[in-house]
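This is input_36.txt (compact mmCIF, C-alpha atoms and all ligand atoms).
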# COMPACT_ATOMS: atom_id res chain seq x y z
CA MET A 250 98.54 88.61 112.55
CA LYS A 251 101.36 90.97 111.71
CA LEU A 252 102.90 93.29 114.28
CA LEU A 253 101.51 96.25 112.35
CA THR A 254 98.06 94.99 113.31
CA HIS A 255 99.16 94.39 116.90
CA ASN A 256 100.22 98.04 117.01
CA MET A 257 96.62 99.08 116.24
CA LEU A 258 94.82 97.03 118.88
CA SER A 259 94.00 97.77 122.49
CA CYS A 260 92.04 96.21 125.31
CA HIS A 261 88.68 97.93 125.54
CA ILE A 262 87.22 96.24 128.60
CA LYS A 263 85.03 98.75 130.42
CA GLY A 264 87.01 100.70 132.99
CA VAL A 265 90.46 99.68 131.71
CA LYS A 266 92.75 102.72 131.47
CA ASN A 267 96.04 101.22 130.36
CA GLY A 268 94.97 98.56 127.88
CA TYR A 269 97.76 99.34 125.43
CA PRO A 270 99.84 97.69 124.11
CA PHE A 271 98.86 94.07 124.43
CA LYS A 272 101.61 91.81 125.70
CA ILE A 273 102.20 88.95 123.30
CA ASP A 274 102.30 85.38 124.54
CA PRO A 275 103.46 83.50 121.44
CA VAL A 276 102.90 79.79 120.95
CA LYS A 277 103.56 79.61 117.22
CA ILE A 278 105.33 82.29 115.18
CA GLU A 279 105.62 82.12 111.40
CA GLU A 280 107.80 84.12 109.07
CA MET A 281 106.47 85.25 105.74
CA ASP A 282 108.34 87.12 103.02
CA ALA A 283 106.80 90.48 102.23
CA ASP A 284 107.91 92.87 99.47
CA TYR A 285 110.35 95.37 100.87
CA ASP A 286 109.05 98.90 100.29
CA PRO A 287 110.90 101.64 102.21
CA ASP A 288 108.43 104.23 100.97
CA PHE A 289 105.61 102.38 102.74
CA LEU A 290 107.70 102.20 105.92
CA ARG A 291 108.26 105.96 105.86
CA HIS A 292 104.54 106.60 105.40
CA ILE A 293 103.47 104.24 108.14
CA TYR A 294 106.10 105.20 110.73
CA PRO A 295 104.32 108.37 111.98
CA ARG A 296 101.20 106.33 112.77
CA LEU A 297 103.00 103.75 114.87
CA GLU A 298 103.62 103.56 118.57
CA TRP A 299 107.30 102.80 118.27
CA PRO A 300 107.94 101.49 121.80
CA ALA A 301 105.03 99.04 121.39
CA LEU A 302 106.44 97.76 118.11
CA ARG A 303 109.91 97.47 119.53
CA GLU A 304 108.76 95.50 122.54
CA ALA A 305 106.52 93.22 120.45
CA ALA A 306 109.35 92.62 117.98
CA GLN A 307 111.64 91.53 120.81
CA VAL A 308 109.13 88.93 121.98
CA MET A 309 108.67 87.73 118.41
CA GLY A 310 112.38 87.29 117.73
CA GLU A 311 113.53 90.55 116.13
CA PRO A 312 115.70 92.19 118.78
CA ASN A 313 117.37 94.75 116.50
CA LEU A 314 115.00 97.69 116.58
CA PRO A 315 116.58 100.79 118.13
CA GLU A 316 115.01 102.76 120.93
CA GLU A 317 115.13 106.00 118.97
CA VAL A 318 114.41 106.48 115.30
CA THR A 319 115.70 109.53 113.49
CA GLU A 320 114.63 111.06 110.20
CA SER A 321 117.91 110.14 108.58
CA MET A 322 117.51 106.50 109.59
CA LEU A 323 114.11 106.47 107.90
CA GLN A 324 115.56 108.09 104.81
CA ASN A 325 118.66 106.05 104.16
CA ASP A 326 119.69 103.59 106.85
CA GLU A 327 119.15 100.43 104.84
CA GLU A 328 120.05 98.09 107.67
CA PHE A 329 117.57 99.75 110.02
CA LEU A 330 114.83 99.79 107.38
CA ARG A 331 115.29 96.06 106.74
CA HIS A 332 114.85 95.24 110.43
CA PHE A 333 111.86 97.58 110.63
CA HIS A 334 110.29 95.90 107.58
CA HIS A 335 110.92 92.45 109.01
CA ALA A 336 109.40 93.28 112.39
CA LEU A 337 106.38 95.07 110.99
CA LEU A 338 105.32 92.78 108.15
CA GLU A 339 107.14 89.46 108.17
CA LEU A 340 106.66 88.09 111.68
CA ILE A 341 103.25 86.46 112.00
CA LEU A 342 101.68 85.48 115.29
CA GLU A 343 99.83 82.28 114.33
CA GLU A 344 98.91 80.87 117.73
CA GLY A 345 99.10 82.35 121.19
CA ALA A 346 97.42 85.14 123.08
CA LEU A 347 97.26 88.89 123.47
CA VAL A 348 97.35 89.78 127.15
CA CYS A 349 95.87 92.99 128.54
CA PRO A 350 98.66 94.81 130.40
CA GLU A 351 96.28 96.06 133.07
CA THR A 352 93.96 93.13 133.82
CA GLY A 353 95.90 90.16 132.48
CA ARG A 354 92.82 89.14 130.47
CA ARG A 355 93.96 86.83 127.67
CA PHE A 356 92.58 87.21 124.17
CA PRO A 357 93.33 84.05 122.19
CA VAL A 358 94.99 84.15 118.77
CA HIS A 359 94.07 81.13 116.69
CA LYS A 360 95.09 80.52 113.07
CA GLY A 361 96.49 84.04 113.00
CA VAL A 362 93.23 85.69 114.09
CA PRO A 363 92.97 87.42 117.46
CA ASN A 364 89.57 87.17 119.12
CA LEU A 365 88.87 90.50 120.80
CA LEU A 366 85.21 89.90 121.57
CA LEU A 367 84.38 90.77 125.15
CA HIS A 368 82.31 88.77 127.60
CA GLU A 369 79.01 90.30 128.64
CA ASP A 370 80.33 91.48 132.00
CA GLU A 371 83.25 93.30 130.33
CA VAL A 372 81.31 95.79 128.18
CA MET B 1162 88.77 98.69 78.30
CA LYS B 1163 90.57 96.41 80.71
CA PRO B 1164 88.10 94.87 83.19
CA ALA B 1165 88.54 96.34 86.63
CA ALA B 1166 90.39 93.98 88.91
CA VAL B 1167 87.98 93.21 91.68
CA ALA B 1168 87.45 89.93 93.51
CA ASP B 1169 86.06 86.95 91.64
CA VAL B 1170 82.83 85.55 93.10
CA ARG B 1171 83.84 82.07 91.97
CA LEU B 1172 86.92 82.31 94.19
CA THR B 1173 84.92 83.67 97.13
CA THR B 1174 83.97 81.44 100.05
CA TYR B 1175 80.51 81.65 101.63
CA ASN B 1176 78.16 79.09 103.11
CA LYS B 1177 75.02 78.87 105.19
CA ARG B 1178 76.73 80.68 108.05
CA VAL B 1179 78.37 83.41 105.93
CA TYR B 1180 76.72 86.19 103.93
CA GLU B 1181 76.78 85.50 100.21
CA PRO B 1182 78.12 88.39 98.09
CA SER B 1183 74.93 90.07 96.94
CA ASP B 1184 73.67 93.21 95.22
CA ASP B 1185 74.68 95.33 98.21
CA SER B 1186 78.23 93.92 98.18
CA PHE B 1187 78.54 94.56 94.44
CA ALA B 1188 77.18 98.09 94.78
CA LEU B 1189 79.73 98.79 97.51
CA VAL B 1190 82.58 97.56 95.32
CA ASP B 1191 81.23 99.61 92.39
CA ALA B 1192 81.34 102.65 94.68
CA LEU B 1193 84.97 101.84 95.55
CA LEU B 1194 85.70 101.81 91.82
CA THR B 1195 84.68 105.46 91.68
CA HIS B 1196 87.22 106.40 94.37
CA ASP B 1197 89.95 108.71 93.18
CA TRP B 1198 92.79 106.27 93.85
CA HIS B 1199 95.37 108.43 92.10
CA ILE B 1200 94.93 111.34 94.49
CA LYS B 1201 93.63 109.74 97.70
CA ARG B 1202 96.06 106.93 98.35
CA PRO B 1203 95.15 105.05 101.52
CA ARG B 1204 97.88 103.41 103.60
CA LEU B 1205 95.72 101.87 106.32
CA CYS B 1206 92.36 100.31 105.50
CA VAL B 1207 89.78 98.63 107.69
CA GLU B 1208 86.67 96.75 106.67
CA VAL B 1209 84.13 96.06 109.40
CA GLY B 1210 81.87 93.04 108.89
CA CYS B 1211 83.88 91.41 106.09
CA GLY B 1212 81.63 88.33 105.68
CA SER B 1213 82.88 86.32 102.70
CA GLY B 1214 85.78 88.72 102.16
CA TYR B 1215 84.54 89.71 98.71
CA VAL B 1216 84.72 93.44 99.44
CA ILE B 1217 88.09 93.63 101.21
CA CYS B 1218 89.58 91.38 98.58
CA SER B 1219 88.29 93.74 95.90
CA ALA B 1220 89.70 96.71 97.79
CA ALA B 1221 93.08 94.99 98.09
CA ARG B 1222 93.09 94.35 94.36
CA LEU B 1223 92.19 97.96 93.57
CA LEU B 1224 95.02 99.15 95.77
CA GLU B 1225 97.43 96.87 93.99
CA GLN B 1226 96.16 97.91 90.59
CA HIS B 1227 96.87 101.53 91.48
CA GLY B 1228 100.33 100.73 92.76
CA ILE B 1229 99.41 101.57 96.36
CA ARG B 1230 101.13 99.63 99.12
CA ALA B 1231 98.73 99.52 102.06
CA HIS B 1232 97.92 97.48 105.13
CA CYS B 1233 94.35 96.26 105.51
CA ILE B 1234 92.43 94.75 108.39
CA ALA B 1235 89.17 92.91 107.93
CA SER B 1236 87.07 92.34 111.02
CA ASP B 1237 83.85 90.55 111.77
CA ILE B 1238 81.97 89.41 114.83
CA SER B 1239 81.56 85.95 113.32
CA SER B 1240 84.36 83.40 113.27
CA ALA B 1241 82.73 81.63 110.31
CA ALA B 1242 82.95 84.88 108.35
CA LEU B 1243 86.62 85.32 109.20
CA GLN B 1244 87.40 81.80 108.11
CA ALA B 1245 85.58 82.43 104.82
CA THR B 1246 87.48 85.69 104.32
CA GLN B 1247 90.75 83.89 104.98
CA GLU B 1248 89.94 81.36 102.26
CA THR B 1249 88.86 84.08 99.85
CA LEU B 1250 92.12 85.97 100.42
CA VAL B 1251 94.22 82.87 99.85
CA ALA B 1252 92.26 82.03 96.67
CA HIS B 1253 93.08 85.53 95.35
CA SER B 1254 96.71 85.46 96.59
CA VAL B 1255 96.12 88.59 98.65
CA ALA B 1256 98.63 88.95 101.50
CA CYS B 1257 98.14 92.51 102.75
CA VAL B 1258 95.03 91.78 104.85
CA ASP B 1259 95.04 90.75 108.52
CA LEU B 1260 91.93 89.48 110.29
CA VAL B 1261 90.50 90.45 113.67
CA GLN B 1262 87.43 89.11 115.44
CA GLY B 1263 85.63 91.88 117.26
CA ASP B 1264 82.60 94.10 117.65
CA LEU B 1265 82.57 96.96 115.11
CA LEU B 1266 85.60 99.23 115.66
CA SER B 1267 86.03 98.55 119.35
CA PRO B 1268 89.28 96.52 118.95
CA PHE B 1269 90.96 99.76 117.79
CA LEU B 1270 89.40 102.15 120.29
CA PRO B 1271 90.54 103.75 122.39
CA GLY B 1272 94.08 103.91 121.14
CA PHE B 1273 94.22 103.97 117.39
CA GLU B 1274 92.55 107.31 116.79
CA HIS B 1275 92.54 109.22 113.51
CA LYS B 1276 94.76 106.86 111.57
CA VAL B 1277 92.55 104.89 109.18
CA ASP B 1278 92.46 106.22 105.61
CA LEU B 1279 89.85 103.89 104.20
CA LEU B 1280 86.99 102.51 106.28
CA ILE B 1281 84.45 100.19 104.69
CA PHE B 1282 81.21 98.83 106.14
CA ASN B 1283 78.32 96.91 104.68
CA PRO B 1284 76.27 96.67 107.86
CA PRO B 1285 73.29 94.53 108.77
CA TYR B 1286 70.77 97.07 107.47
CA VAL B 1287 67.50 95.18 107.01
CA PRO B 1288 64.65 96.48 109.23
CA THR B 1289 63.61 93.67 111.60
CA PRO B 1290 61.96 93.30 114.99
CA ASP B 1291 64.60 94.06 117.63
CA GLU B 1292 64.37 90.44 118.92
CA GLU B 1293 66.13 89.35 115.72
CA LEU B 1294 69.22 91.18 116.92
CA SER B 1295 69.91 88.68 119.67
CA ARG B 1296 70.24 85.79 117.22
CA THR B 1297 73.77 84.57 116.70
CA ASP B 1298 73.27 82.73 113.41
CA ILE B 1299 73.38 84.11 109.85
CA ALA B 1300 70.61 86.58 110.82
CA ARG B 1301 73.39 88.66 112.35
CA ALA B 1302 74.60 89.38 108.82
CA TRP B 1303 71.45 91.28 107.85
CA ALA B 1304 69.17 91.91 110.85
CA GLY B 1305 69.29 95.63 111.61
CA GLY B 1306 66.45 96.06 114.12
CA ASN B 1307 64.26 99.15 114.08
CA ARG B 1308 64.55 100.87 110.65
CA GLY B 1309 67.64 98.69 110.12
CA ARG B 1310 69.54 101.23 112.17
CA VAL B 1311 70.52 99.54 115.42
CA ILE B 1312 74.00 98.34 114.37
CA ILE B 1313 74.57 101.35 112.13
CA ASP B 1314 73.82 103.71 115.02
CA ARG B 1315 76.36 101.97 117.24
CA PHE B 1316 78.93 102.28 114.47
CA LEU B 1317 78.44 105.95 113.52
CA PRO B 1318 79.92 107.55 116.68
CA GLN B 1319 83.10 105.50 116.20
CA VAL B 1320 83.74 106.91 112.73
CA LYS B 1321 84.99 110.31 113.86
CA ASP B 1322 87.48 108.65 116.20
CA ILE B 1323 88.93 106.28 113.64
CA LEU B 1324 89.16 108.27 110.37
CA SER B 1325 92.47 109.95 109.58
CA PRO B 1326 92.44 113.59 108.46
CA GLU B 1327 92.46 112.39 104.85
CA GLY B 1328 90.30 109.35 105.56
CA PHE B 1329 87.20 108.09 103.75
CA LEU B 1330 84.28 105.94 104.79
CA TYR B 1331 82.29 103.90 102.27
CA MET B 1332 79.11 102.46 103.72
CA VAL B 1333 76.04 100.63 102.43
CA THR B 1334 72.62 101.92 103.40
CA VAL B 1335 69.09 101.46 102.07
CA MET B 1336 66.32 104.03 101.96
CA ASP B 1337 64.64 102.39 104.99
CA ASN B 1338 67.70 103.46 107.04
CA ASN B 1339 67.11 107.13 106.15
CA PRO B 1340 70.52 107.86 104.62
CA ALA B 1341 69.91 111.61 104.78
CA GLU B 1342 69.60 111.37 108.56
CA ILE B 1343 72.75 109.23 108.74
CA LEU B 1344 74.66 111.91 106.83
CA GLN B 1345 73.23 114.50 109.21
CA LEU B 1346 74.44 112.53 112.26
CA LEU B 1347 77.92 112.27 110.76
CA ALA B 1348 77.90 115.97 109.92
CA GLU B 1349 77.38 116.72 113.61
CA ASP B 1350 80.67 114.86 114.18
CA GLY B 1351 82.47 116.96 111.57
CA ILE B 1352 82.16 114.40 108.83
CA GLU B 1353 80.80 115.36 105.47
CA GLY B 1354 79.41 112.93 102.93
CA LYS B 1355 77.10 112.13 100.08
CA VAL B 1356 75.38 109.33 98.26
CA VAL B 1357 77.84 108.16 95.60
CA LEU B 1358 75.76 105.34 94.16
CA GLU B 1359 72.04 104.60 93.97
CA ARG B 1360 70.71 101.26 92.87
CA ALA B 1361 67.36 99.48 92.98
CA ALA B 1362 67.71 95.82 93.89
CA ASP B 1363 65.26 93.15 95.09
CA GLU B 1364 62.83 95.38 96.99
CA GLU B 1365 65.77 97.39 98.30
CA ALA B 1366 66.73 100.92 97.39
CA LEU B 1367 70.49 100.83 97.92
CA ARG B 1368 72.33 104.07 98.71
CA ILE B 1369 76.09 103.85 99.06
CA LEU B 1370 77.55 106.66 101.14
CA CYS B 1371 81.01 108.13 100.89
CA CYS B 1372 82.10 110.36 103.79
CA TRP B 1373 85.19 112.28 104.78
CA ARG B 1374 86.42 114.61 107.48
CA ILE B 1375 85.72 118.31 106.89
C1 LIG C 1401 75.61 92.51 105.12
S1 LIG C 1401 76.94 91.47 105.68
C2 LIG C 1401 78.28 92.09 104.66
C3 LIG C 1401 79.33 91.05 104.32
C4 LIG C 1401 80.36 91.50 103.29
N1 LIG C 1401 81.12 92.64 103.75
C5 LIG C 1401 79.68 91.83 101.98
O1 LIG C 1401 79.54 93.02 101.68
O2 LIG C 1401 79.28 90.90 101.27
C6 LIG C 1401 77.29 92.13 107.33
C7 LIG C 1401 78.45 91.50 108.07
O3 LIG C 1401 78.64 92.22 109.32
C8 LIG C 1401 78.91 91.29 110.35
N2 LIG C 1401 78.52 91.90 111.64
C9 LIG C 1401 77.28 91.99 112.17
N3 LIG C 1401 77.31 92.63 113.35
C10 LIG C 1401 78.61 92.98 113.57
C11 LIG C 1401 79.30 93.65 114.63
N4 LIG C 1401 78.64 94.12 115.69
N5 LIG C 1401 80.64 93.81 114.53
C12 LIG C 1401 81.31 93.34 113.44
N6 LIG C 1401 80.71 92.69 112.42
C13 LIG C 1401 79.37 92.51 112.46
C14 LIG C 1401 78.14 90.04 109.97
O4 LIG C 1401 78.70 88.89 110.59
C15 LIG C 1401 78.28 90.04 108.43
O5 LIG C 1401 79.40 89.30 108.04
Write the structure described by the file as structure tokens, please.
Ligand SMILES: C[S@@+](CC[C@H](N)C(=O)[O-])C[C@H]1O[C@@H](n2cnc3c(N)ncnc32)[C@H](O)[C@@H]1O
Amino acid sequence: MKLLTHNMLSCHIKGVKNGYPFKIDPVKIEEMDADYDPDFLRHIYPRLEWPALREAAQVMGEPNLPEEVTESMLQNDEEFLRHFHHALLELILEEGALVCPETGRRFPVHKGVPNLLLHEDEV
Amino acid sequence: MKPAAVADVRLTTYNKRVYEPSDDSFALVDALLTHDWHIKRPRLCVEVGCGSGYVICSAARLLEQHGIRAHCIASDISSAALQATQETLVAHSVACVDLVQGDLLSPFLPGFEHKVDLLIFNPPYVPTPDEELSRTDIARAWAGGNRGRVIIDRFLPQVKDILSPEGFLYMVTVMDNNPAEILQLLAEDGIEGKVVLERAADEEALRILCCWRI
């Protein structure tokens, strides 16, 4: 699972109000080369929750994302864009868990696939 | 004419626990071929109920063929299906698809509202007694309960929350599901649509819907 996917997921247990973002408990992280495409990054940026990506990236070993992102950084700050690309698309959570920030419920990630199915008493 | 680059059935994994790519899957991919990829260029794509992975793999190839860089997520309730999809993706060297195990669109809601540009679903649409719905084997791939609508009707209210302003939904239905009524239900949520492909197959009258936000 890439961090772009992590950015899209939330804990939907019935009654949970602050189920976003999942905390990541990594057991095995893999790195995979992805084609660098700044145009894609610019398109996807407005749909991201930046603080969630930044925090997830830190846990996954990319500590260089800034707190604030400006338009000019997105346009032509090559160093920033490279870190952004790496965090978003090249760090893969292979094994571990996604942890609900409110309840602490752990959703296992196995072979790169998070299992977000709920138990009967959670829906 | 160059053959359209969709997934290759011979490179697609399925087994007794995973839905085999069938007429409905092919019709859905044929409907995707009619999409105006040059104008409507999706950046985030989600397929619900990916089964063998044949459809999402085809979508990923179409994106690539049109020079569109996108991120895709394929989800299914069945771990066997996700494993099959993983194998199908590897066999086609597709790297832009992540997998999620979950129920319909609930892993993304609430939270990820109005951001998905391309949503794809070939649901369990076969009319069956409602008891069939509690099975957890391969029946879950096709058993749709009363009028084949039980899973579809749980999915429909999620569509308005997930589609981006320029988003599209492609969905398989059959005449037994009453596609006109499905379009009416979506219209009440501000989503317009039409039948983009009709096909008669093995006692099924397939109707592929394409829908978008008004
Ligand atoms: C008709 S098959 C389609 C498979 C594949 N997309 C294709 O077109 O060949 C339906 C798929 O939906 C999955 N499914 C059934 N109920 C689901 C649910 N509630 N949430 C997610 N997936 C579901 C089944 O496991 C199955 O893989």
For this session: Write out as an MDAnalysis selection string the residues lying within 7 Å of Gly1214 of chain B, counting all atoms listed in the file and excluding same-chain residues fewer than 3 positions away.
Result: chainID B and resid 1211 1217:1218 1245:1246 1249
For this session: Write down, as number ranges by chain, each residue of chain A that has any atom within 6 Å of an atom of chain B, counting all atoms listed in the file.
Result: A: 250, 257-259, 362-366
Problem set entry | Within 8 Å of ligand LIG 1401 (chain C), counting all atoms listed in the file, residues as a ChimeraX atom specification | /B:1179-1183,1185-1187,1189,1208-1217,1236-1239,1242,1262-1266,1282-1286,1299,1301-1303,1312
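Separating atom CA of His292 of chain A from atom CA of Leu1250 of chain B is a distance of 24.6 Å.
Taking all atoms listed in the file into account, the polymer residues that have an atom no farther than 10 Å from (109.8, 94.4, 120.2) are Leu252, Ile273, Trp299, Pro300, Ala301, Leu302, Arg303, Glu304, Ala305, Ala306, Gln307, Val308, Met309, Gly310, Glu311, Pro312, Asn313, Leu314, Pro315, Glu316, Ala336 and Leu337 of chain A.
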Please write out, as AutoDock Vina command-line options, where the centre of an axis-aligned box around all listed atoms of segment 345-354 of chain A lies and how long its edges are, in Å to one decimal, after adding 8 Å on each side.
--center_x 96.0 --center_y 89.2 --center_z 127.5 --size_x 22.3 --size_y 29.7 --size_z 28.6
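Reported to one decimal place, the separation of atom CA of Ala1252 of chain B from atom CA of Leu1367 of chain B is 28.8 Å.
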Seminar exercise, completed: Between A:Glu339, A:Phe329, A:Lys251, A:Glu371, smallest distance to Thr352 of chain A by all atoms listed in the file belongs to A:Glu371
For this session: Would you list the contacts of Leu323 of chain A as an MDAnalysis selection string, taking every protein, DNA or RNA residue within 12 Å and counting all atoms listed in the file, but skipping same-chain residues closer than 4 positions in sequence?
Result: chainID A and resid 286:295 315 317:319 327:334
Exercise. Between B:Val1356, B:Ile1323, B:Leu1294, B:Leu1344, which is the closest to Gly1309 of chain B once you count only C-alpha atoms?
Worked result: B:Leu1294
For this session: Using only C-alpha atoms, give me every residue within 9 Å of (92.6, 87.8, 125.1) in file coordinates, as a count of residues only.
Result: 17
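Straight-line separation from atom CA of Gln1345 of chain B to atom CA of Ile1200 of chain B: 26.4 Å.
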For this session: Please provide the set of residues having any atom within 10 Å of Arg1222 of chain B, restricted to all atoms listed in the file, with same-chain residues fewer than 3 positions apart removed, written as a list in words.
Result: Ala1165, Ala1166, Val1167, Ala1168, Val1216, Ile1217, Cys1218, Ser1219, Glu1225, Gln1226, His1227, Gly1228, Ile1229, His1253, Ser1254, Val1255 and Cys1257 of chain B
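Counting only C-alpha atoms, the residue from A:Lys277, A:His261, A:Lys272, A:Lys266 that sits nearest to Ile341 of chain A is A:Lys277.
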